[in-house]
>>> print(open('final03.cif').read())   # mmCIF, C-alpha atoms and all ligand atoms
data_final
loop_
_atom_site.label_atom_id
_atom_site.label_comp_id
_atom_site.auth_asym_id
_atom_site.auth_seq_id
_atom_site.Cartn_x
_atom_site.Cartn_y
_atom_site.Cartn_z
CA MET A 1349 120.42 60.56 58.57
CA ALA A 1350 116.98 61.53 57.37
CA ASP A 1351 115.40 59.20 60.02
CA GLN A 1352 117.54 60.77 62.72
CA GLU A 1353 116.14 64.18 61.77
CA ILE A 1354 112.51 62.98 61.77
CA VAL A 1355 112.54 61.13 65.10
CA PRO A 1356 113.31 64.17 67.29
CA THR A 1357 110.54 66.11 65.50
CA ILE A 1358 107.95 63.46 66.45
CA GLN A 1359 109.23 63.40 70.02
CA ASP A 1360 108.99 67.20 70.20
CA SER A 1361 105.44 67.00 68.95
CA GLN A 1362 104.53 64.45 71.60
CA ARG A 1363 106.21 66.55 74.27
CA THR A 1364 104.26 69.62 73.12
CA ILE A 1365 100.95 67.75 73.29
CA SER A 1366 101.82 66.28 76.63
CA ARG A 1367 102.86 69.68 78.00
CA ARG A 1368 99.70 71.31 76.66
CA LYS A 1369 97.58 68.68 78.35
CA PHE A 1370 99.50 69.16 81.55
CA ILE A 1371 98.92 72.93 81.50
CA GLN A 1372 95.23 72.45 80.69
CA GLY A 1373 94.97 70.11 83.65
CA VAL A 1374 96.57 72.61 86.00
CA ILE A 1375 94.27 75.41 84.82
CA ALA A 1376 91.19 73.20 85.15
CA ALA A 1377 92.20 72.20 88.68
CA GLY A 1378 92.79 75.85 89.63
CA ALA A 1379 89.41 76.86 88.25
CA ALA A 1380 87.73 74.09 90.20
CA VAL A 1381 89.41 75.13 93.44
CA SER A 1382 88.52 78.77 92.82
CA ALA A 1383 84.88 77.93 92.06
CA ALA A 1384 84.64 75.72 95.13
CA SER A 1385 85.89 78.45 97.43
CA TYR A 1386 83.37 80.83 95.86
CA VAL A 1387 80.32 78.61 95.97
CA PHE A 1388 80.59 76.49 99.08
CA ARG A 1389 80.17 78.59 102.15
CA GLY A 1390 79.54 75.98 104.82
CA THR A 1391 81.99 73.58 106.35
CA GLU A 1392 81.12 70.90 103.79
CA THR A 1393 81.48 70.78 100.04
CA ILE A 1394 78.97 69.35 97.58
CA LEU A 1395 80.82 66.06 97.84
CA GLY A 1396 80.34 65.97 101.59
CA GLN A 1397 84.01 66.69 102.20
CA THR A 1398 85.12 69.07 104.91
CA SER A 1399 86.67 72.36 103.72
CA LEU A 1400 90.42 72.52 103.82
CA PRO A 1401 91.80 74.00 107.03
CA GLY A 1402 92.58 77.68 106.49
CA ALA A 1403 90.29 77.92 103.46
CA VAL A 1404 88.64 81.34 103.22
CA GLU A 1405 85.08 81.85 102.05
CA ARG A 1406 84.75 84.37 99.23
CA LEU A 1407 81.04 85.14 99.30
CA ILE A 1408 80.53 86.62 102.74
CA THR A 1409 78.05 88.82 104.60
CA LEU A 1410 79.13 92.09 106.16
CA ASN A 1411 77.18 94.29 108.54
CA VAL A 1412 77.78 97.76 107.13
CA ASN A 1413 75.90 100.79 108.38
CA GLY A 1414 73.17 98.58 109.81
CA GLN A 1415 72.65 96.64 106.58
CA LEU A 1416 73.69 93.09 105.80
CA ARG A 1417 75.63 93.17 102.53
CA ARG A 1418 76.61 90.07 100.57
CA VAL A 1419 79.92 90.57 98.85
CA ASP A 1420 82.50 88.51 97.01
CA VAL A 1421 85.95 89.19 98.47
CA MET A 1422 89.41 87.90 97.76
CA LYS A 1423 91.19 86.52 100.79
CA GLN A 1424 93.86 89.24 100.56
CA GLU A 1425 91.33 92.06 100.04
CA THR A 1426 91.31 94.94 102.50
CA LEU A 1427 88.18 96.40 104.00
CA ALA A 1428 88.91 99.78 102.38
CA MET A 1429 88.93 98.18 98.93
CA THR A 1430 85.71 96.28 99.62
CA LEU A 1431 83.91 99.34 100.95
CA ARG A 1432 84.97 101.60 98.11
CA TYR A 1433 85.04 99.33 95.09
CA LYS A 1434 82.58 96.54 95.90
CA LEU A 1435 80.00 98.36 98.02
CA GLY A 1436 80.32 101.84 96.50
CA LEU A 1437 80.97 103.53 99.86
CA THR A 1438 83.53 106.00 98.54
CA GLY A 1439 83.28 108.31 101.53
CA THR A 1440 86.02 106.15 103.00
CA LYS A 1441 89.20 107.54 101.43
CA LEU A 1442 92.44 105.83 100.56
CA GLY A 1443 95.52 107.96 101.18
CA CYS A 1444 98.66 106.03 102.04
CA ASP A 1445 97.12 102.53 101.96
CA ARG A 1446 99.63 101.49 104.64
CA SER A 1447 98.40 102.55 108.10
CA GLU A 1448 99.96 106.00 108.18
CA CYS A 1449 97.40 108.69 107.38
CA GLY A 1450 94.03 107.62 108.78
CA ALA A 1451 92.05 108.72 105.71
CA CYS A 1452 90.46 105.27 105.57
CA THR A 1453 89.26 105.24 109.19
CA VAL A 1454 85.98 103.43 109.87
CA LEU A 1455 84.41 102.17 113.07
CA ILE A 1456 84.40 98.47 113.79
CA ASP A 1457 82.18 97.75 116.79
CA ASP A 1458 82.39 101.49 117.53
CA VAL A 1459 86.22 101.53 117.65
CA PRO A 1460 88.18 103.45 114.96
CA HIS A 1461 90.31 101.29 112.67
CA TYR A 1462 92.35 101.85 109.51
CA SER A 1463 90.30 99.97 106.93
CA CYS A 1464 93.28 99.81 104.55
CA SER A 1465 95.00 97.46 106.96
CA ILE A 1466 92.20 95.06 107.82
CA LEU A 1467 91.36 92.02 105.74
CA THR A 1468 87.67 92.06 104.89
CA HIS A 1469 87.00 88.42 105.67
CA THR A 1470 88.19 88.98 109.26
CA VAL A 1471 85.35 91.38 110.08
CA ARG A 1472 82.40 89.10 109.38
CA GLY A 1473 79.92 89.43 112.22
CA ARG A 1474 81.33 92.79 113.33
CA LYS A 1475 79.48 96.10 113.12
CA ILE A 1476 81.12 98.32 110.51
CA THR A 1477 80.25 102.00 110.32
CA THR A 1478 81.44 104.31 107.57
CA ILE A 1479 80.92 108.04 107.08
CA GLU A 1480 77.79 107.19 105.04
CA GLY A 1481 76.25 105.58 108.11
CA LEU A 1482 76.51 108.53 110.49
CA ALA A 1483 73.58 110.72 109.49
CA ALA A 1484 70.06 109.81 110.62
CA ALA A 1485 67.59 108.27 108.17
CA ASP A 1486 65.88 111.65 107.75
CA GLY A 1487 69.17 113.25 106.74
CA THR A 1488 69.94 114.91 110.06
CA LEU A 1489 73.70 115.09 110.35
CA HIS A 1490 75.59 113.42 113.18
CA PRO A 1491 76.73 116.05 115.73
CA VAL A 1492 80.33 115.66 114.61
CA GLN A 1493 79.35 116.23 110.98
CA GLN A 1494 77.26 119.24 111.95
CA ALA A 1495 80.12 120.73 113.95
CA VAL A 1496 82.47 120.34 110.98
CA VAL A 1497 80.00 122.18 108.77
CA ASP A 1498 79.47 124.92 111.35
CA GLU A 1499 83.20 125.46 111.87
CA GLN A 1500 84.15 124.97 108.19
CA ALA A 1501 86.83 122.83 109.68
CA PHE A 1502 88.75 121.67 106.61
CA GLN A 1503 90.46 122.93 103.46
CA CYS A 1504 90.41 120.29 100.70
CA ALA A 1505 88.60 117.86 103.06
CA PHE A 1506 90.23 114.72 101.67
CA CYS A 1507 91.12 113.74 105.23
CA MET A 1508 87.75 114.77 106.63
CA SER A 1509 85.83 111.50 106.70
CA GLY A 1510 88.75 109.80 108.44
CA PHE A 1511 88.97 112.57 111.06
CA ILE A 1512 85.22 112.49 111.61
CA MET A 1513 85.17 108.74 112.12
CA ALA A 1514 88.16 108.92 114.46
CA THR A 1515 86.48 111.70 116.45
CA VAL A 1516 83.16 109.88 116.66
CA GLY A 1517 85.00 106.86 118.05
CA TYR A 1518 87.09 108.90 120.47
CA LEU A 1519 84.15 110.89 121.84
CA LYS A 1520 82.36 107.66 122.66
CA VAL A 1521 85.00 106.97 125.31
CA ASN A 1522 85.76 110.58 126.29
CA PRO A 1523 82.86 112.92 125.52
CA ASN A 1524 84.36 115.82 127.48
CA PRO A 1525 87.98 116.08 126.39
CA THR A 1526 90.39 118.96 126.75
CA ARG A 1527 91.77 120.25 123.47
CA ALA A 1528 95.05 118.48 124.17
CA GLU A 1529 93.29 115.21 124.97
CA LEU A 1530 91.26 115.39 121.79
CA ALA A 1531 94.36 116.22 119.74
CA HIS A 1532 96.06 113.17 121.19
CA GLY A 1533 92.96 111.03 120.73
CA ILE A 1534 92.79 111.65 116.99
CA SER A 1535 96.53 111.91 116.41
CA GLY A 1536 96.45 108.79 114.26
CA ASN A 1537 94.99 110.93 111.48
CA LEU A 1538 97.02 113.26 109.28
CA CYS A 1539 95.99 116.28 107.24
CA ARG A 1540 98.09 117.09 104.19
CA CYS A 1541 96.77 120.64 104.25
CA ALA A 1542 98.01 120.83 107.85
CA ASP A 1543 94.76 122.45 108.88
CA TYR A 1544 94.97 121.03 112.38
CA ASN A 1545 93.88 124.15 114.24
CA LYS A 1546 90.60 124.39 112.38
CA ILE A 1547 90.09 120.65 112.62
CA LEU A 1548 90.44 120.81 116.38
CA ASN A 1549 88.06 123.78 116.53
CA GLY A 1550 85.49 121.68 114.71
CA MET A 1551 86.03 118.59 116.83
CA MET A 1552 85.89 120.53 120.10
CA ARG A 1553 82.58 121.99 118.96
CA ALA A 1554 81.52 118.44 118.12
CA SER A 1555 82.18 117.37 121.71
CA GLU A 1556 79.91 120.22 122.88
CA TYR A 1557 77.15 119.10 120.51
CA ILE A 1558 77.45 115.50 121.66
CA ARG A 1559 77.22 116.47 125.34
CA ARG A 1560 74.00 118.37 124.55
CA THR A 1561 72.34 115.40 122.87
S1 LIG A 1601 94.83 104.96 103.73
FE1 LIG A 1601 94.65 103.77 105.54
S2 LIG A 1601 95.94 104.75 106.97
FE2 LIG A 1601 96.26 105.84 105.10
S1 LIG A 1602 92.01 119.40 104.65
FE1 LIG A 1602 93.18 118.73 102.96
S2 LIG A 1602 94.09 116.89 103.62
FE2 LIG A 1602 93.10 117.63 105.37
#
>>> encode(input="final03.cif", output="structure tokens")
Amino acid sequence: MADQEIVPTIQDSQRTISRRKFIQGVIAAGAAVSAASYVFRGTETILGQTSLPGAVERLITLNVNGQLRRVDVMKQETLAMTLRYKLGLTGTKLGCDRSECGACTVLIDDVPHYSCSILTHTVRGRKITTIEGLAAADGTLHPVQQAVVDEQAFQCAFCMSGFIMATVGYLKVNPNPTRAELAHGISGNLCRCADYNKILNGMMRASEYIRRT
């Protein structure tokens, strides 16, 4: 009877050791995979093996506001998160984080996009412009920024950088819009203060400034 009680205890001990080793092995393998995806950026690994199909590089180069920036990104990371929390470009705001408000709008190859809904690794090699990249090197504001200042076009201004980026993008394709056309052109952006009349005043003035330059 005593032997019967001891035997299961030994077996349990062996099982525990075996299970611990198994878990350690899984963790070690995961760490190796993670490190490999971080370190090896070409198509070949240090062992001369080709990267797995669909593997995503983590250390990538982005072209942001005319500068090449090296940044470590997770494969599921959005551009808004990278810009704000990896590159310190907090002028890009996060409102809804689901493609509804436009607060996170940036230009990608001069076209407005919601950065909360774009995976960062998909924009390698593209030209990304944020609100921080609009002013000239000597501090001269972009005409759209200057118009916003001149018209005092916002209340709390949380939505402002998104509206400005959307307007900059829209005026590149239609620099002489009617008020209705401009309203439609930037209708993907929302203002919680509902200050749309003043916003449109500012953006119409911006179109004047741009036509003068
Ligand atoms: S935060 Fe991206 S659309 Fe609202
Ligand atoms: S001015 Fe406050 S959200 Fe637009």
>>> closest_atom_pairs(input="final03.cif", of="chain A", to="ligand LIG 1601 (chain A)", cutoff="6 Å", atoms="only C-alpha atoms and all ligand atoms", output="Markdown table")
| residue | atom | partner | partner_atom | distance |
| --- | --- | --- | --- | --- |
| A:Leu1442 | CA | A:LIG1601 | S1 | 4.1 |
| A:Gly1443 | CA | A:LIG1601 | S1 | 4.0 |
| A:Cys1444 | CA | A:LIG1601 | FE2 | 3.9 |
| A:Asp1445 | CA | A:LIG1601 | S1 | 3.8 |
| A:Arg1446 | CA | A:LIG1601 | S2 | 5.4 |
| A:Ser1447 | CA | A:LIG1601 | S2 | 3.5 |
| A:Glu1448 | CA | A:LIG1601 | S2 | 4.4 |
| A:Cys1449 | CA | A:LIG1601 | FE2 | 3.8 |
| A:Gly1450 | CA | A:LIG1601 | S2 | 3.9 |
| A:Ala1451 | CA | A:LIG1601 | S1 | 5.1 |
| A:Cys1452 | CA | A:LIG1601 | FE1 | 4.5 |
| A:Tyr1462 | CA | A:LIG1601 | FE1 | 5.0 |
| A:Ser1463 | CA | A:LIG1601 | FE1 | 5.9 |
| A:Cys1464 | CA | A:LIG1601 | FE1 | 4.3 |
>>> residues_near_ligand(input="final03.cif", ligand="ligand LIG 1602 (chain A)", cutoff="12 Å", atoms="only C-alpha atoms and all ligand atoms", output="ChimeraX atom specification")
/A:1441-1444,1449-1451,1496,1500-1512,1537-1548
>>> atom_distance(input="final03.cif", atom1="atom CA of A:Arg1560", atom2="atom CA of A:Gly1439")
26.8 Å
>>> atom_distance(input="final03.cif", atom1="atom CA of A:Ile1466", atom2="atom CA of A:Asn1524")
29.6 Å
>>> residues_around(input="final03.cif", residues="A:Arg1553", least_positions_apart="4", cutoff="12 Å", atoms="only C-alpha atoms", output="number ranges by chain")
A: 1491-1501, 1515, 1519, 1523-1527, 1530, 1546-1549, 1557-1560
>>> atom_distance(input="final03.cif", atom1="atom CA of A:Thr1478", atom2="atom CA of A:Thr1453")
8.0 Å
>>> closest_residue(input="final03.cif", among="A:Ala1514, A:Leu1489, A:Ala1531, A:Met1551", to="A:Pro1460", atoms="all atoms listed in the file")
A:Ala1514
>>> closest_residue(input="final03.cif", among="A:Gly1487, A:Gly1536, A:Gly1481, A:Gly1550", to="A:Asp1458", atoms="all atoms listed in the file")
A:Gly1481
>>> residues_around(input="final03.cif", residues="stretch 1413-1426 of chain A", least_positions_apart="2", cutoff="10 Å", atoms="only C-alpha atoms", output="NGL selection string")
:A and (1386 or 1403-1411 or 1428-1431 or 1434-1435 or 1445 or 1455 or 1462-1470 or 1473 or 1475-1482)
>>> closest_residue(input="final03.cif", among="A:Asp1457, A:Leu1437, A:His1532, A:Ala1485", to="A:Val1471", atoms="all atoms listed in the file")
A:Asp1457
>>> closest_residue(input="final03.cif", among="A:Thr1488, A:Ser1555, A:Val1459, A:Arg1472", to="A:Val1412", atoms="all atoms listed in the file")
A:Arg1472
>>> axis_aligned_box(input="final03.cif", around="stretch 1486-1503 of chain A", padding_each_side="4 Å", output="AutoDock Vina command-line options")
--center_x 78.2 --center_y 118.6 --center_z 109.6 --size_x 32.6 --size_y 21.8 --size_z 20.3
